[in-house]
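Asker: This one is input_1.tsv, TSV, C-alpha atoms.
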chain	number	residue	atom	x	y	z
A	16	MET	CA	0.00	0.00	0.00
A	17	GLN	CA	2.92	2.31	0.74
A	18	ASN	CA	4.22	1.87	-2.81
A	19	LEU	CA	0.81	2.83	-4.17
A	20	ARG	CA	0.94	6.07	-2.18
A	21	VAL	CA	4.43	6.86	-3.43
A	22	LEU	CA	3.44	6.25	-7.04
A	23	ALA	CA	0.33	8.40	-6.73
A	24	GLU	CA	2.15	11.27	-5.04
A	25	GLN	CA	4.87	11.22	-7.69
A	26	GLU	CA	2.22	11.63	-10.34
A	27	PHE	CA	0.04	14.11	-8.40
A	28	PRO	CA	2.34	16.27	-6.23
A	29	HIS	CA	-0.52	18.12	-4.48
A	30	LEU	CA	-1.52	14.86	-2.81
A	31	ALA	CA	1.63	14.94	-0.69
A	32	ASN	CA	0.39	18.07	1.06
A	33	SER	CA	-3.17	16.91	1.59
A	34	ARG	CA	-5.13	14.18	3.34
A	35	TRP	CA	-5.96	11.22	1.16
A	36	GLN	CA	-6.20	7.44	1.31
A	37	VAL	CA	-6.22	4.46	-1.00
A	38	THR	CA	-9.69	2.87	-0.99
A	39	SER	CA	-9.22	0.01	-3.45
A	40	PRO	CA	-6.33	-1.67	-5.30
A	41	PRO	CA	-5.38	-1.12	-8.97
A	42	ASP	CA	-8.05	-2.31	-11.40
A	43	ASN	CA	-8.40	-1.61	-15.12
A	44	SER	CA	-11.97	-2.88	-15.50
A	45	TYR	CA	-13.43	0.62	-15.00
A	46	ASN	CA	-12.14	4.17	-15.23
A	47	CYS	CA	-12.76	7.52	-13.56
A	48	ILE	CA	-15.65	8.56	-15.77
A	49	ALA	CA	-17.57	5.38	-14.94
A	50	TRP	CA	-16.62	5.56	-11.26
A	51	ALA	CA	-17.78	9.15	-10.85
A	52	ALA	CA	-21.12	8.12	-12.35
A	53	GLY	CA	-21.38	5.29	-9.83
A	54	GLU	CA	-20.27	2.30	-11.94
A	55	ASN	CA	-17.38	-0.09	-11.41
A	56	HIS	CA	-18.10	-2.87	-13.92
A	57	ARG	CA	-17.20	-1.27	-17.26
A	58	ARG	CA	-15.03	1.39	-18.87
A	59	TRP	CA	-16.54	4.54	-20.33
A	60	ASP	CA	-14.49	5.95	-23.15
A	61	VAL	CA	-14.72	7.51	-26.58
A	62	ASP	CA	-12.40	5.25	-28.60
A	63	PRO	CA	-13.27	5.42	-32.30
A	64	GLN	CA	-13.40	1.61	-32.47
A	65	GLY	CA	-16.28	1.53	-29.98
A	66	PHE	CA	-14.87	-1.11	-27.62
A	67	TRP	CA	-15.88	0.91	-24.55
A	68	TYR	CA	-19.20	2.25	-23.30
A	69	TRP	CA	-20.30	5.83	-23.69
A	70	PRO	CA	-23.79	7.14	-22.83
A	71	PRO	CA	-25.67	6.80	-26.12
A	72	ALA	CA	-27.34	10.22	-25.88
A	73	ALA	CA	-23.98	12.01	-25.65
A	74	THR	CA	-21.51	12.92	-28.39
A	75	ARG	CA	-18.61	10.50	-28.44
A	76	GLY	CA	-15.54	12.74	-28.25
A	77	ILE	CA	-12.58	13.84	-26.15
A	78	GLU	CA	-13.64	17.51	-26.12
A	79	PHE	CA	-14.74	18.69	-22.68
A	80	ASN	CA	-18.28	19.42	-23.81
A	81	CYS	CA	-18.72	15.75	-24.72
A	82	LEU	CA	-18.14	14.80	-21.10
A	83	VAL	CA	-20.61	17.45	-19.96
A	84	GLU	CA	-23.16	16.01	-22.40
A	85	ALA	CA	-22.53	12.54	-21.00
A	86	TYR	CA	-23.31	13.61	-17.43
A	87	LEU	CA	-26.25	15.77	-18.53
A	88	SER	CA	-27.70	12.62	-20.11
A	89	LEU	CA	-27.46	10.92	-16.72
A	90	GLY	CA	-29.55	13.57	-15.00
A	91	TYR	CA	-26.79	15.88	-13.76
A	92	GLU	CA	-27.07	19.64	-14.08
A	93	ARG	CA	-24.39	22.32	-13.91
A	94	CYS	CA	-23.74	23.92	-10.52
A	95	SER	CA	-21.35	26.56	-9.30
A	96	SER	CA	-20.13	25.27	-5.97
A	97	PRO	CA	-18.43	22.15	-4.62
A	98	ALA	CA	-20.17	22.60	-1.27
A	99	ILE	CA	-22.31	19.73	0.03
A	100	GLU	CA	-26.00	20.14	-0.81
A	101	GLU	CA	-28.57	18.03	1.00
A	102	GLY	CA	-30.24	15.58	-1.37
A	103	TYR	CA	-27.69	15.94	-4.18
A	104	GLU	CA	-24.54	14.17	-5.30
A	105	LYS	CA	-21.90	16.14	-7.13
A	106	VAL	CA	-19.13	15.47	-9.62
A	107	ALA	CA	-16.08	17.57	-10.47
A	108	LEU	CA	-15.04	17.43	-14.12
A	109	PHE	CA	-11.40	18.06	-15.08
A	110	SER	CA	-10.03	19.33	-18.37
A	111	LYS	CA	-6.69	20.04	-19.96
A	112	ASN	CA	-6.18	21.82	-23.27
A	113	GLY	CA	-9.91	21.72	-23.93
A	114	ASN	CA	-10.18	17.94	-23.52
A	115	TRP	CA	-11.75	16.03	-20.65
A	116	THR	CA	-9.24	14.17	-18.51
A	117	HIS	CA	-10.89	13.10	-15.27
A	118	ALA	CA	-14.00	13.09	-13.10
A	119	ALA	CA	-14.32	12.83	-9.30
A	120	ARG	CA	-17.45	12.20	-7.20
A	121	GLN	CA	-18.29	13.91	-3.90
A	122	LEU	CA	-18.78	11.71	-0.86
A	123	SER	CA	-21.28	12.39	1.91
A	124	ASN	CA	-18.45	13.58	4.20
A	125	GLY	CA	-17.49	16.32	1.73
A	126	ASN	CA	-14.36	14.53	0.48
A	127	TRP	CA	-14.08	13.27	-3.09
A	128	THR	CA	-13.54	9.81	-4.56
A	129	SER	CA	-11.52	9.22	-7.71
A	130	LYS	CA	-10.39	6.31	-9.83
A	131	LEU	CA	-6.94	7.06	-11.24
A	132	GLY	CA	-6.75	5.57	-14.75
A	133	ASN	CA	-5.98	1.84	-14.43
A	134	PHE	CA	-4.68	2.44	-10.94
A	135	ILE	CA	-6.31	2.80	-7.51
A	136	ASP	CA	-9.54	4.26	-6.12
A	137	MET	CA	-8.90	6.96	-3.56
A	138	GLU	CA	-10.61	9.38	-1.19
A	139	HIS	CA	-9.07	12.84	-1.40
A	140	GLU	CA	-9.47	16.55	-0.90
A	141	LEU	CA	-10.75	18.55	-3.84
A	142	GLY	CA	-7.46	20.08	-4.98
A	143	GLY	CA	-5.37	16.93	-4.60
A	144	LEU	CA	-5.40	16.00	-8.28
A	145	ASP	CA	-4.90	19.43	-9.82
A	146	GLY	CA	-1.73	19.66	-11.89
A	147	ASN	CA	-0.02	18.65	-15.10
A	148	ASN	CA	-1.62	15.24	-15.33
A	149	TYR	CA	-5.37	15.94	-15.25
A	150	GLY	CA	-5.22	19.70	-15.59
A	151	GLN	CA	-7.80	21.67	-13.59
A	152	ILE	CA	-11.38	21.33	-12.43
A	153	GLU	CA	-13.49	22.94	-15.12
A	154	LEU	CA	-17.04	22.32	-13.92
A	155	PHE	CA	-19.13	20.98	-11.04
A	156	MET	CA	-22.37	19.14	-11.74
A	157	LYS	CA	-25.02	17.73	-9.42
A	158	ARG	CA	-28.01	15.39	-9.51
A	159	ARG	CA	-30.72	14.52	-7.05
A	160	LEU	CA	-30.09	11.42	-4.95
A	161	ASP	CA	-33.77	10.41	-4.98
A	162	ARG	CA	-33.99	10.38	-8.80
B	12	MET	CA	13.06	-24.18	-53.04
B	13	THR	CA	11.21	-26.43	-50.59
B	14	GLN	CA	8.74	-25.29	-47.92
B	15	ILE	CA	9.42	-27.17	-44.69
B	16	SER	CA	7.47	-26.95	-41.45
B	17	ASP	CA	9.71	-26.23	-38.47
B	18	SER	CA	7.78	-27.12	-35.34
B	19	THR	CA	10.95	-28.47	-33.72
B	20	GLY	CA	12.71	-25.13	-33.48
B	21	LEU	CA	15.50	-26.45	-35.73
B	22	GLY	CA	15.19	-23.40	-37.93
B	23	ARG	CA	16.06	-21.16	-35.01
B	24	LYS	CA	19.19	-23.15	-34.29
B	25	ILE	CA	20.17	-22.99	-37.94
B	26	ALA	CA	19.51	-19.26	-37.99
B	27	LEU	CA	21.70	-18.65	-34.99
B	28	SER	CA	24.47	-20.84	-36.36
B	29	LEU	CA	24.49	-18.83	-39.56
B	30	LEU	CA	24.68	-15.44	-37.88
B	31	PRO	CA	28.26	-14.76	-39.05
B	32	ALA	CA	27.21	-15.51	-42.62
B	33	ILE	CA	24.36	-13.01	-42.59
B	34	THR	CA	26.70	-10.41	-41.16
B	35	ALA	CA	29.05	-10.94	-44.07
B	36	THR	CA	26.36	-10.81	-46.75
B	37	PRO	CA	23.52	-8.58	-45.56
B	38	VAL	CA	20.23	-8.61	-47.41
B	39	ALA	CA	18.64	-5.32	-48.37
B	40	ALA	CA	15.51	-4.94	-46.23
B	41	THR	CA	13.71	-3.19	-49.05
B	42	THR	CA	13.70	-6.37	-51.10
B	43	LEU	CA	11.87	-8.39	-48.46
B	44	PRO	CA	8.11	-8.91	-48.42
B	45	ALA	CA	5.99	-7.41	-45.66
B	46	GLN	CA	5.61	-9.67	-42.63
B	47	PRO	CA	2.18	-11.19	-42.05
B	48	ILE	CA	0.58	-11.31	-38.62
B	49	GLY	CA	1.91	-14.10	-36.45
B	50	ILE	CA	4.85	-15.04	-38.64
B	51	GLY	CA	6.76	-17.91	-37.11
B	52	TYR	CA	9.54	-20.25	-37.95
B	53	ASP	CA	7.12	-22.47	-39.84
B	54	GLN	CA	7.11	-19.80	-42.52
B	55	VAL	CA	10.83	-19.89	-43.06
B	56	ARG	CA	12.03	-21.08	-46.46
B	57	TYR	CA	14.80	-23.66	-46.65
B	58	THR	CA	16.99	-24.67	-49.52
B	59	GLU	CA	17.31	-28.27	-50.76
B	60	SER	CA	20.38	-28.67	-48.55
B	61	SER	CA	18.35	-27.77	-45.43
B	62	LYS	CA	20.00	-24.36	-45.13
B	63	MET	CA	17.86	-21.27	-45.06
B	64	ASP	CA	18.18	-18.84	-47.89
B	65	SER	CA	19.54	-15.48	-46.82
B	66	ALA	CA	16.21	-13.66	-47.10
B	67	SER	CA	14.56	-16.14	-44.73
B	68	LEU	CA	17.44	-15.91	-42.32
B	69	PHE	CA	17.13	-12.14	-42.30
B	70	ASN	CA	13.40	-12.51	-41.61
B	71	VAL	CA	14.00	-14.80	-38.63
B	72	ILE	CA	16.59	-12.52	-37.08
B	73	ASN	CA	14.52	-9.43	-37.76
B	74	HIS	CA	11.45	-11.11	-36.30
B	75	GLU	CA	13.36	-11.99	-33.14
B	76	ALA	CA	14.55	-8.41	-32.75
B	77	LYS	CA	11.06	-6.96	-33.31
B	78	SER	CA	9.57	-9.46	-30.86
B	79	ALA	CA	12.03	-8.48	-28.13
B	80	GLU	CA	11.41	-4.80	-28.80
B	81	SER	CA	7.65	-5.36	-28.66
B	82	HIS	CA	7.94	-7.11	-25.29
B	83	ARG	CA	9.90	-4.17	-23.92
B	84	LEU	CA	7.41	-1.65	-25.31
B	85	VAL	CA	4.43	-3.53	-23.87
B	86	GLN	CA	5.96	-3.27	-20.38
B	87	GLN	CA	6.60	0.42	-21.01
B	88	PHE	CA	2.99	0.82	-22.12
B	89	HIS	CA	1.69	-0.65	-18.87
B	90	ARG	CA	3.80	1.81	-16.86
B	91	GLU	CA	2.93	4.82	-19.01
B	92	SER	CA	-0.81	4.09	-19.11
B	93	MET	CA	-1.22	3.61	-15.36
B	94	PHE	CA	-2.90	6.98	-14.72
B	95	VAL	CA	-4.42	7.60	-18.14
B	96	SER	CA	-8.21	7.86	-18.30
B	97	SER	CA	-8.98	7.90	-22.03
B	98	VAL	CA	-7.98	5.96	-25.12
B	99	VAL	CA	-7.32	9.23	-26.93
B	100	GLU	CA	-4.58	9.99	-24.40
B	101	LEU	CA	-3.27	6.44	-24.70
B	102	THR	CA	-2.62	6.97	-28.39
B	103	GLN	CA	-0.26	9.82	-27.49
B	104	LEU	CA	2.01	7.59	-25.40
B	105	GLU	CA	5.48	6.91	-26.78
B	106	SER	CA	5.11	3.16	-26.25
B	107	TYR	CA	1.72	3.04	-27.98
B	108	GLN	CA	3.06	4.86	-31.03
B	109	ALA	CA	6.19	2.69	-31.20
B	110	LEU	CA	4.12	-0.51	-31.06
B	111	ARG	CA	1.80	0.86	-33.71
B	112	ASP	CA	4.82	1.55	-35.91
B	113	ILE	CA	6.01	-2.04	-35.51
B	114	GLY	CA	2.58	-3.04	-36.80
B	115	ASN	CA	1.68	-6.64	-37.60
B	116	ARG	CA	4.93	-7.96	-36.17
B	117	ALA	CA	3.79	-6.82	-32.70
B	118	VAL	CA	0.45	-8.61	-32.81
B	119	ARG	CA	1.64	-11.95	-31.45
B	120	VAL	CA	3.35	-10.23	-28.51
B	121	LEU	CA	0.24	-8.15	-27.80
B	122	ILE	CA	-1.96	-11.26	-27.82
B	123	SER	CA	0.49	-13.07	-25.56
B	124	ASP	CA	0.38	-10.21	-23.05
B	125	LEU	CA	-3.42	-10.03	-23.23
B	126	ARG	CA	-3.67	-13.76	-22.46
B	127	GLU	CA	-1.89	-12.95	-19.18
B	128	THR	CA	-3.66	-9.68	-18.36
B	129	PRO	CA	-6.68	-8.12	-20.09
B	130	SER	CA	-5.87	-4.52	-20.85
B	131	MET	CA	-6.26	-1.50	-23.09
B	132	LEU	CA	-3.81	-3.04	-25.55
B	133	VAL	CA	-6.91	-4.21	-27.41
B	134	ASN	CA	-7.28	-0.71	-28.84
B	135	LEU	CA	-3.79	-1.00	-30.30
B	136	LEU	CA	-4.74	-4.34	-31.86
B	137	GLY	CA	-7.74	-2.69	-33.44
B	138	GLU	CA	-5.64	0.09	-34.86
B	139	ILE	CA	-2.91	-2.21	-36.23
B	140	THR	CA	-5.17	-4.83	-37.78
B	141	GLY	CA	-8.19	-2.73	-38.76
B	142	GLU	CA	-10.36	-5.54	-37.40
B	143	ASN	CA	-13.15	-5.34	-34.83
B	144	PRO	CA	-14.12	-8.74	-33.41
B	145	VAL	CA	-15.76	-7.23	-30.29
B	146	ARG	CA	-19.31	-8.49	-29.77
B	147	PRO	CA	-21.94	-5.90	-28.79
B	148	ASP	CA	-22.51	-7.52	-25.40
B	149	SER	CA	-18.78	-7.25	-24.63
B	150	ILE	CA	-18.62	-3.47	-25.00
B	151	GLY	CA	-17.17	-1.80	-21.92
B	152	ASN	CA	-15.99	-5.04	-20.30
B	153	VAL	CA	-12.18	-5.33	-20.43
B	154	VAL	CA	-12.18	-9.09	-19.87
B	155	SER	CA	-14.83	-9.76	-22.51
B	156	VAL	CA	-13.30	-7.42	-25.09
B	157	THR	CA	-9.91	-9.08	-24.54
B	158	ARG	CA	-11.46	-12.54	-24.85
B	159	ASP	CA	-13.04	-11.55	-28.19
B	160	TRP	CA	-9.64	-10.46	-29.50
B	161	ILE	CA	-7.90	-13.65	-28.35
B	162	ASN	CA	-10.64	-15.74	-29.96
B	163	TRP	CA	-10.19	-13.75	-33.16
B	164	TYR	CA	-6.44	-14.36	-33.16
B	165	ASP	CA	-6.80	-18.07	-32.47
B	166	ARG	CA	-9.43	-18.38	-35.18
B	167	GLU	CA	-7.35	-16.55	-37.77
B	168	TYR	CA	-3.76	-17.48	-36.92
B	169	ASN	CA	-3.66	-20.23	-34.33
B	170	PRO	CA	-6.11	-22.92	-35.51
B	171	ILE	CA	-4.82	-25.55	-33.08
B	172	ALA	CA	-5.80	-23.40	-30.08
B	173	ALA	CA	-9.10	-22.44	-31.70
Starting from the file, give its structure as structure tokens.

Answerer:
Amino acid sequence: MQNLRVLAEQEFPHLANSRWQVTSPPDNSYNCIAWAAGENHRRWDVDPQGFWYWPPAATRGIEFNCLVEAYLSLGYERCSSPAIEEGYEKVALFSKNGNWTHAARQLSNGNWTSKLGNFIDMEHELGGLDGNNYGQIELFMKRRLDR
Amino acid sequence: MTQISDSTGLGRKIALSLLPAITATPVAATTLPAQPIGIGYDQVRYTESSKMDSASLFNVINHEAKSAESHRLVQQFHRESMFVSSVVELTQLESYQALRDIGNRAVRVLISDLRETPSMLVNLLGEITGENPVRPDSIGNVVSVTRDWINWYDREYNPIAA
């Protein structure tokens, strides 16, 4: 587990100065986009060959708006704040150079959960993943828990 | 020229024993035919005296070198892709592009690695071969997508396993 922490902190330097923990071991059967939407049994991606799932109502593309479309199709709406809102779950969508790179999901304690590529699941503070790898948080979205 | 099957590995021994000869009389790579997927020693041509012609010897040695390079690049791919979320980003990785450049000669190594560990290497297979054997009910599932590709390979190039 210690090696996993070292690897993650090498890749995401802000983690070293924040509180975070590994919550599940490396697994390539799902990715961050699926995990943020609440799935851990398949990968969501926009490969031109179509091997991976993408919400059918959304445009299949790497541009950031395609990710926003994907979450809109799942019942999320745009919101301006990462603060906890009773009755809602929130996601933070990351972008770099205009392309989507990552998504994290808010937990009930206010922390966030992320799946890092083919690597681990983790619980972290909001700014822990900002940086060269995933770029910056571009948008928060929310959806009702009782949908 | 006689076509001889080489399931015993004899061809490899012959190839290695003739290494000094190939060094002395190199064959121009541009004169050689493109390598098919899954080329093996069974596709080596031998002369009537059981010695490989120089073009076949070059192919065997070149195949060995490409295979070793592919193995190294696959390991590099697994390291480089550890934190990557999307296939589009995967295609930008140095290892992905190098394996794609190797092309058909890398396919057997990719399949071998996928037999051990299902992974995103399937997208590279799709790009190299232009094939898509993935069944609709496999979409999204790494294990199922990988299984479809292995079945495709066995069906097309490894009939004994199929």

Asker: Around (2.3, -7.6, -25.0) in the file's frame, which residues reach within 10 Å when counting all atoms listed in the file? Return as a list in words?

Answerer: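 Residues close enough to count: Ser78, Ser81, His82, Arg83, Leu84, Val85, Gln86, Gln87, Phe88, His89, Leu110, Ala117, Val118, Arg119, Val120, Leu121, Ile122, Ser123, Asp124, Leu125, Arg126, Glu127, Thr128, Ser130 and Leu132 of chain B.
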
Asker: Using only C-alpha atoms, determine which residues lie at most 10 Å from stretch 125-132 of chain A, disregarding the query and same-chain residues fewer than 6 positions distant; provide the list as number ranges by chain.

Answerer: A: 23, 34-39, 41-51, 55, 97-100, 105-107, 116-119, 138-144, 149; B: 92-97

Asker: Using only C-alpha atoms, select each residue of chain A with any atom at most 6 Å away from an atom of chain B, and give the selection as a list in words.

Answerer: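 So the residues of chain A near chain B are Ser44, Arg57, Arg58, Asp60, Asp62, Phe66, Trp67, Tyr68, Leu131, Gly132, Asn133 and Phe134 of chain A.
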
Asker: Distance atom CA of A:Glu84-atom CA of A:Met137, one decimal place?

Answerer: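 These two atoms are separated by 25.3 Å.
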
Asker: Please compute the atom CA of A:Glu104-atom CA of A:Leu19 distance, one decimal, in Å.

Answerer: 27.8 Å

Asker: Using atom CA of A:Ser95 and atom CA of A:Leu154 as the two end points, give the distance in Å to one decimal.

Answerer: 7.6 Å

Asker: Smallest atom-to-atom distance to B:Thr140: which of B:Gln103, B:Glu167, B:Glu75, B:Arg158, using all atoms listed in the file?

Answerer: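 Among the listed residues, B:Glu167 lies closest to B:Thr140.
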
Asker: Fix up stretch 63-85 of chain A with N, CA and C atoms, then write it as a PDB file, in the coordinates of the input.

Answerer:
ATOM      1  N   PRO A  63     -12.549   5.468 -31.019  1.00  0.00           N
ATOM      2  CA  PRO A  63     -13.270   5.420 -32.300  1.00  0.00           C
ATOM      3  C   PRO A  63     -13.715   4.013 -32.680  1.00  0.00           C
ATOM      4  N   GLN A  64     -13.030   2.997 -32.134  1.00  0.00           N
ATOM      5  CA  GLN A  64     -13.400   1.610 -32.470  1.00  0.00           C
ATOM      6  C   GLN A  64     -14.675   1.156 -31.756  1.00  0.00           C
ATOM      7  N   GLY A  65     -15.038   1.866 -30.693  1.00  0.00           N
ATOM      8  CA  GLY A  65     -16.280   1.530 -29.980  1.00  0.00           C
ATOM      9  C   GLY A  65     -16.191   0.329 -29.079  1.00  0.00           C
ATOM     10  N   PHE A  66     -15.006   0.035 -28.537  1.00  0.00           N
ATOM     11  CA  PHE A  66     -14.870  -1.110 -27.620  1.00  0.00           C
ATOM     12  C   PHE A  66     -15.435  -0.785 -26.237  1.00  0.00           C
ATOM     13  N   TRP A  67     -15.506   0.502 -25.909  1.00  0.00           N
ATOM     14  CA  TRP A  67     -15.880   0.910 -24.550  1.00  0.00           C
ATOM     15  C   TRP A  67     -17.204   1.657 -24.572  1.00  0.00           C
ATOM     16  N   TYR A  68     -17.860   1.660 -23.416  1.00  0.00           N
ATOM     17  CA  TYR A  68     -19.200   2.250 -23.300  1.00  0.00           C
ATOM     18  C   TYR A  68     -19.133   3.772 -23.269  1.00  0.00           C
ATOM     19  N   TRP A  69     -20.125   4.394 -23.844  1.00  0.00           N
ATOM     20  CA  TRP A  69     -20.300   5.830 -23.690  1.00  0.00           C
ATOM     21  C   TRP A  69     -21.802   6.073 -23.703  1.00  0.00           C
ATOM     22  N   PRO A  70     -22.333   6.937 -22.849  1.00  0.00           N
ATOM     23  CA  PRO A  70     -23.790   7.140 -22.830  1.00  0.00           C
ATOM     24  C   PRO A  70     -24.312   7.448 -24.234  1.00  0.00           C
ATOM     25  N   PRO A  71     -25.261   6.697 -24.709  1.00  0.00           N
ATOM     26  CA  PRO A  71     -25.670   6.800 -26.120  1.00  0.00           C
ATOM     27  C   PRO A  71     -26.234   8.162 -26.501  1.00  0.00           C
ATOM     28  N   ALA A  72     -26.760   8.917 -25.532  1.00  0.00           N
ATOM     29  CA  ALA A  72     -27.340  10.220 -25.880  1.00  0.00           C
ATOM     30  C   ALA A  72     -26.286  11.308 -25.999  1.00  0.00           C
ATOM     31  N   ALA A  73     -25.042  10.993 -25.656  1.00  0.00           N
ATOM     32  CA  ALA A  73     -23.980  12.010 -25.650  1.00  0.00           C
ATOM     33  C   ALA A  73     -23.069  11.844 -26.862  1.00  0.00           C
ATOM     34  N   THR A  74     -22.487  12.954 -27.296  1.00  0.00           N
ATOM     35  CA  THR A  74     -21.510  12.920 -28.390  1.00  0.00           C
ATOM     36  C   THR A  74     -20.262  12.190 -27.928  1.00  0.00           C
ATOM     37  N   ARG A  75     -19.781  11.294 -28.780  1.00  0.00           N
ATOM     38  CA  ARG A  75     -18.610  10.500 -28.440  1.00  0.00           C
ATOM     39  C   ARG A  75     -17.357  11.272 -28.854  1.00  0.00           C
ATOM     40  N   GLY A  76     -16.712  11.942 -27.899  1.00  0.00           N
ATOM     41  CA  GLY A  76     -15.540  12.740 -28.250  1.00  0.00           C
ATOM     42  C   GLY A  76     -14.724  13.084 -27.024  1.00  0.00           C
ATOM     43  N   ILE A  77     -13.494  13.527 -27.245  1.00  0.00           N
ATOM     44  CA  ILE A  77     -12.580  13.840 -26.150  1.00  0.00           C
ATOM     45  C   ILE A  77     -12.737  15.300 -25.716  1.00  0.00           C
ATOM     46  N   GLU A  78     -13.460  16.109 -26.489  1.00  0.00           N
ATOM     47  CA  GLU A  78     -13.640  17.510 -26.120  1.00  0.00           C
ATOM     48  C   GLU A  78     -14.430  17.588 -24.823  1.00  0.00           C
ATOM     49  N   PHE A  79     -14.141  18.601 -24.011  1.00  0.00           N
ATOM     50  CA  PHE A  79     -14.740  18.690 -22.680  1.00  0.00           C
ATOM     51  C   PHE A  79     -16.263  18.685 -22.734  1.00  0.00           C
ATOM     52  N   ASN A  80     -16.818  19.367 -23.720  1.00  0.00           N
ATOM     53  CA  ASN A  80     -18.280  19.420 -23.810  1.00  0.00           C
ATOM     54  C   ASN A  80     -18.920  18.046 -23.978  1.00  0.00           C
ATOM     55  N   CYS A  81     -18.185  17.114 -24.559  1.00  0.00           N
ATOM     56  CA  CYS A  81     -18.720  15.750 -24.720  1.00  0.00           C
ATOM     57  C   CYS A  81     -18.907  15.078 -23.363  1.00  0.00           C
ATOM     58  N   LEU A  82     -17.991  15.359 -22.445  1.00  0.00           N
ATOM     59  CA  LEU A  82     -18.140  14.800 -21.100  1.00  0.00           C
ATOM     60  C   LEU A  82     -19.323  15.455 -20.382  1.00  0.00           C
ATOM     61  N   VAL A  83     -19.464  16.755 -20.562  1.00  0.00           N
ATOM     62  CA  VAL A  83     -20.610  17.450 -19.960  1.00  0.00           C
ATOM     63  C   VAL A  83     -21.918  16.859 -20.503  1.00  0.00           C
ATOM     64  N   GLU A  84     -21.966  16.631 -21.806  1.00  0.00           N
ATOM     65  CA  GLU A  84     -23.160  16.010 -22.400  1.00  0.00           C
ATOM     66  C   GLU A  84     -23.437  14.651 -21.777  1.00  0.00           C
ATOM     67  N   ALA A  85     -22.361  13.883 -21.567  1.00  0.00           N
ATOM     68  CA  ALA A  85     -22.530  12.540 -21.000  1.00  0.00           C
ATOM     69  C   ALA A  85     -23.208  12.604 -19.635  1.00  0.00           C
TER      70      ALA A  85
END
